[in-house]
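Trainee: Let me give you the structure first, and then I'll get to my questions.
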Amino acid sequence: MTTVKTLPARADAPKAQTWDIEALYATPADWDAEADRLPTVVDALGTHAGHLGNSPEALLAYLTHADEVQLRVQRLFSYASMSASVDGRDAVAAARRDRASGLSARLGSAIAFAQPEVLALPDATLDTWLARPEYADQRVRLERVRRNRPHVRSAEVEALLGAVQAPFASERGIHPALANMDLRFGSAGGEEITQGNVDRLISAADREVRREAWEHYADAHLAVKHAQAAMYATNVRQSAFLAQARQYPDAITASLAPDAIPVQVVTTLLDTYRANTPTWHRYWRVRREWLNLPELREYDVKAALVPTRAVTYDQAVEWIAQGMAPLGESYVQDMRQGLTTERWVDYVENAGKRQGAYSNGGGRVKPFIFMTWNGTMNSYSTLAHEIGHSMHSLLSTRAHPYSVPRYTLFHAEVASNFNQAMVRQHLLAQARATGDTEFEVQIIEEALSNFHRYFFIMPTLAAFELECYRRIEAGGTLSAPDLIQLTADLLAQGYGDGVTMDCDRSGIMWAQFSTHLYANFYAYQYATGISAAHQLLEQFAADPETARTTYLRFLESGGSADPIDALKEAGVDMLSPEPVQATFRTLAGYVDRLEELLAQRRG
């Protein structure tokens with residue numbers, strides 16, 4: 001009888017491998033006390049209602065007061081969501097997250113009067129106020145409020161729309177709870193499959209372990225496909241309703257317009273991706289030859305091409321610090337301290353830990369990184385990605401007060417992918433200088449694994465999402481078979497004749513990305529992010545000093561400029577297909593090199 005390895009409980013996790021959540025609240029009791037105080041504090045914002053147009057001092061007093069309250073709510077929510085992430089089976093943590101979500105919705109209702117009152121001001125009056133020195137840090141957000149004038153409704157309607165945020169968010173909590181708390185994935189290779197280790201098991205050297213992990217994980221989601229489909233369809237309908245309520249032509253425009261991102265950015269990405277899928281088809285064929293398989297299955301796309309080398313957390317920190325050296329000593333020192341002594345990162349593997357990885361701004365206390373360390377190149381890659389987000393948060397927070405908007409998700413995925421690309425470039429140069437072709441292949445594999453997620457899976461999810469909204473907005477439906485078939489069809493475009501698919505198991509992939517799909521038009525930003533990152537990296541070859549200054553300025557700008565404008569100032573035009581095409585050229589270069597090395601092995 002096979003003994004299944006079980007993971008340690010969260011309480012037994014080594015402190016050094018967990019994040020310093022106590023920097024937010026020293027104890028859970030402190031969080032509870034703040035949660036008790038905040039409803040009254042939030043409601044007190046209502047005393048400003050009806051007075052914002054009285055004088056520039058009155059408006060500024062409200063903005064300052066609202067910032068203070070919003071930051072407190074943000075910290076409360078950060079602590080609650082972080083606690084729930086590290087152990088999805090912790091009912092107390094889940095209750096805190098729900099309580100924080102409810103308070104966030106209450107805040108939305110409490111400040112719903114503000115936008116209509118600001119928009120009631122004559123443009124000449126608002127222009128005069130914005131010209132005052134004390135409004136220097138308020139101009140960006142007030143200009144954005146004015147820009148959204150056609151989509152801001154009356155105070156009564158805004159209050160109602162704010163009030164529905166909590167009930168409308170219910171399915172966004174249910175789907176992850178189902179995946180992280182209730183689903184059981186069985187075992188593979190004698191090890192229990194969890195959200196934290198499934199990626200490692202699907203990358204195992206033993207093909208039977210890979211197959212078991214991939215199939216069992218998919219089968220667990222298939223067992224509840226109808227419930228998951230109903231939840232996602234509900235989310236799509238709710239988002240479509242909110243877009244209509246705010247008088248947008250469709251949901252994607254509603255999602256992109258606040259950040260001044262044209263829909264053309266998404267459609268150009270998807271069109272360029274589809275035109276370049278033959279590069280992916282070629283990679284799958286090369287991979288099959290490397291692995292000497294009669295056919296490549298989906299559980300083979302992450303199998304190691306050469307014997308894997310274990311990577312420790314400390315080694316990864318050193319690689320990242322060396323790779324990011326072109327950004328300067330200050331950047332590297334801050335980053336190294338965050339990754340080590342300041343405990344930004346929770347990387348321990350424990351029972352109940354949810355899937356994936358993320359960086360949390362930490363309510364301006366310190367940035368935090370959530371991930372699970374599996375001792376692989378993928379773990380190092382994830383850490384390099386997430387520390388890019390965290391350094392973005394750190395530098396933009398230092399450069400601007402809370403009143404200046406935080407960077408958008410579109411900005412964010414540039415910074416994370418840039419870190420991966422820069423460190424990878426350093427490691428490849430190191431491997432080639434020493435003639436270590438085995439390590440070179442491992443780095444290329446890390447690159448292609450990263451491209452697979454951000455430049456294959458994410459464009460596929462983006463196309464899936466766009467089609468789902470189009471169907472609902474046209475009066476159609478979204479059943480589980482619909483969603484599975486749509487996903488399988490889109491994956492088939494990228495696999496071509498290089499991968500043999502299992503339609504149902506392949507097609508349930510959409511259900512495995514609840515944190516992305518429920519963010520509404522989020523997935524595409526990974527693909528635009530990796531594209532912009534590679535074009536920015538090219539600038540370092542031509543003029544390292546200017547490129548460093550330009551890139552650090554981009555990070556420090558935070559959300560003070562719209563993302564398309566910020567990138568254009570940094571030399572990247574996301575309205576053009578060129579960044580996506582350039583990144584496909586990078587991908588093709590990796591495939592070319594694998595073909596060369598494969599020929600050498602045969603020769």
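Residues are named by chain letter and number: chains run A, B, ... in the order of the structure tokens, numbers start at 1 in each chain, and ligands are numbered from 1 in the order shown.
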Check the DSSP output for the backbone and give back, as an NGL selection string, the residues of range 119-309 of chain A in strand (DSSP E).
Mentor: :A and (187-188 or 191-192)
Trainee: Any chance you could export the current selection's N, CA, C and O atoms as a short mmCIF file (atom, residue, chain, number, x, y, z; two decimals), in the first residue's frame?
Mentor:
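As written to disk, result_36.cif reads:
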data_model
loop_
_atom_site.label_atom_id
_atom_site.label_comp_id
_atom_site.auth_asym_id
_atom_site.auth_seq_id
_atom_site.Cartn_x
_atom_site.Cartn_y
_atom_site.Cartn_z
N SER A 187 -3.78 11.82 -5.21
CA SER A 187 -2.33 11.80 -5.05
C SER A 187 -1.66 11.44 -6.37
O SER A 187 -2.28 10.93 -7.29
N ALA A 188 -0.37 11.74 -6.42
CA ALA A 188 0.46 11.41 -7.58
C ALA A 188 1.84 11.03 -7.07
O ALA A 188 2.43 11.79 -6.29
N GLU A 191 2.30 11.17 -3.29
CA GLU A 191 2.24 12.46 -2.62
C GLU A 191 0.87 13.08 -2.83
O GLU A 191 0.34 13.08 -3.95
N GLU A 192 0.30 13.60 -1.77
CA GLU A 192 -1.00 14.26 -1.88
C GLU A 192 -0.88 15.49 -2.79
O GLU A 192 0.06 16.28 -2.66
#
Trainee: Skipping near chain neighbours, those fewer than 3 positions away, what residues fall within 8 Å of Met335 in chain A using only C-alpha atoms, listed as JSON, numbers by chain?
Mentor: {"A": [321, 331, 332, 338, 339, 387, 391]}
Trainee: With C-alpha atoms kept, could you save the residues just selected as a PDB file, in the first residue's frame?
Mentor:
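The result, written out as again_2.pdb:
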ATOM      1  CA  ALA A 321      20.403  40.227  -6.900  1.00  0.00           C
ATOM      2  CA  TYR A 331      17.578  48.878  -5.892  1.00  0.00           C
ATOM      3  CA  VAL A 332      19.467  45.659  -5.185  1.00  0.00           C
ATOM      4  CA  GLY A 338      13.028  42.502   1.552  1.00  0.00           C
ATOM      5  CA  LEU A 339      13.728  38.954   0.415  1.00  0.00           C
ATOM      6  CA  ILE A 387       9.771  40.798  -6.393  1.00  0.00           C
ATOM      7  CA  MET A 391       9.912  46.746  -5.832  1.00  0.00           C
TER       8      MET A 391
END
Trainee: To one decimal place in Å, what is the distance between CA of Leu76 in chain A and CA of Asp43 in chain A?
Mentor: 16.2 Å
Trainee: What is the distance between CA of Ala303 in chain A and CA of Asp206 in chain A, in Å to one decimal?
Mentor: 8.7 Å
Trainee: Can you list, as a ChimeraX atom specification, every protein, DNA or RNA residue that comes within 10 Å of range 59-62 of chain A when you count only C-alpha atoms, leaving out same-chain residues fewer than 5 positions away?
Mentor: /A:45-49,51-54,67-68,111,114,117-118,129,134-135,138
Trainee: Under the rule that only C-alpha atoms are counted, which of A:Ser506, A:Gln337, A:Ser104, A:Ser390 is the nearest residue to Val69 in chain A?
Mentor: A:Ser104
Trainee: Go through A:Met574, A:Val345, A:Ala136, A:Leu296 one by one, measure the shortest atom-to-atom distance of each to Thr267 in chain A using only C-alpha atoms, and give the residue with the smallest value.
Mentor: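 Looking only at the distances to Thr267 in chain A, the closest residue turns out to be A:Met574.
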Trainee: From the DSSP assignment of the backbone, select every residue of range 290-398 of chain A that is alpha helix (DSSP H), and format the answer as a PyMOL selection string.
Mentor: chain A and resi 290-291+313-323+329-339+377-398
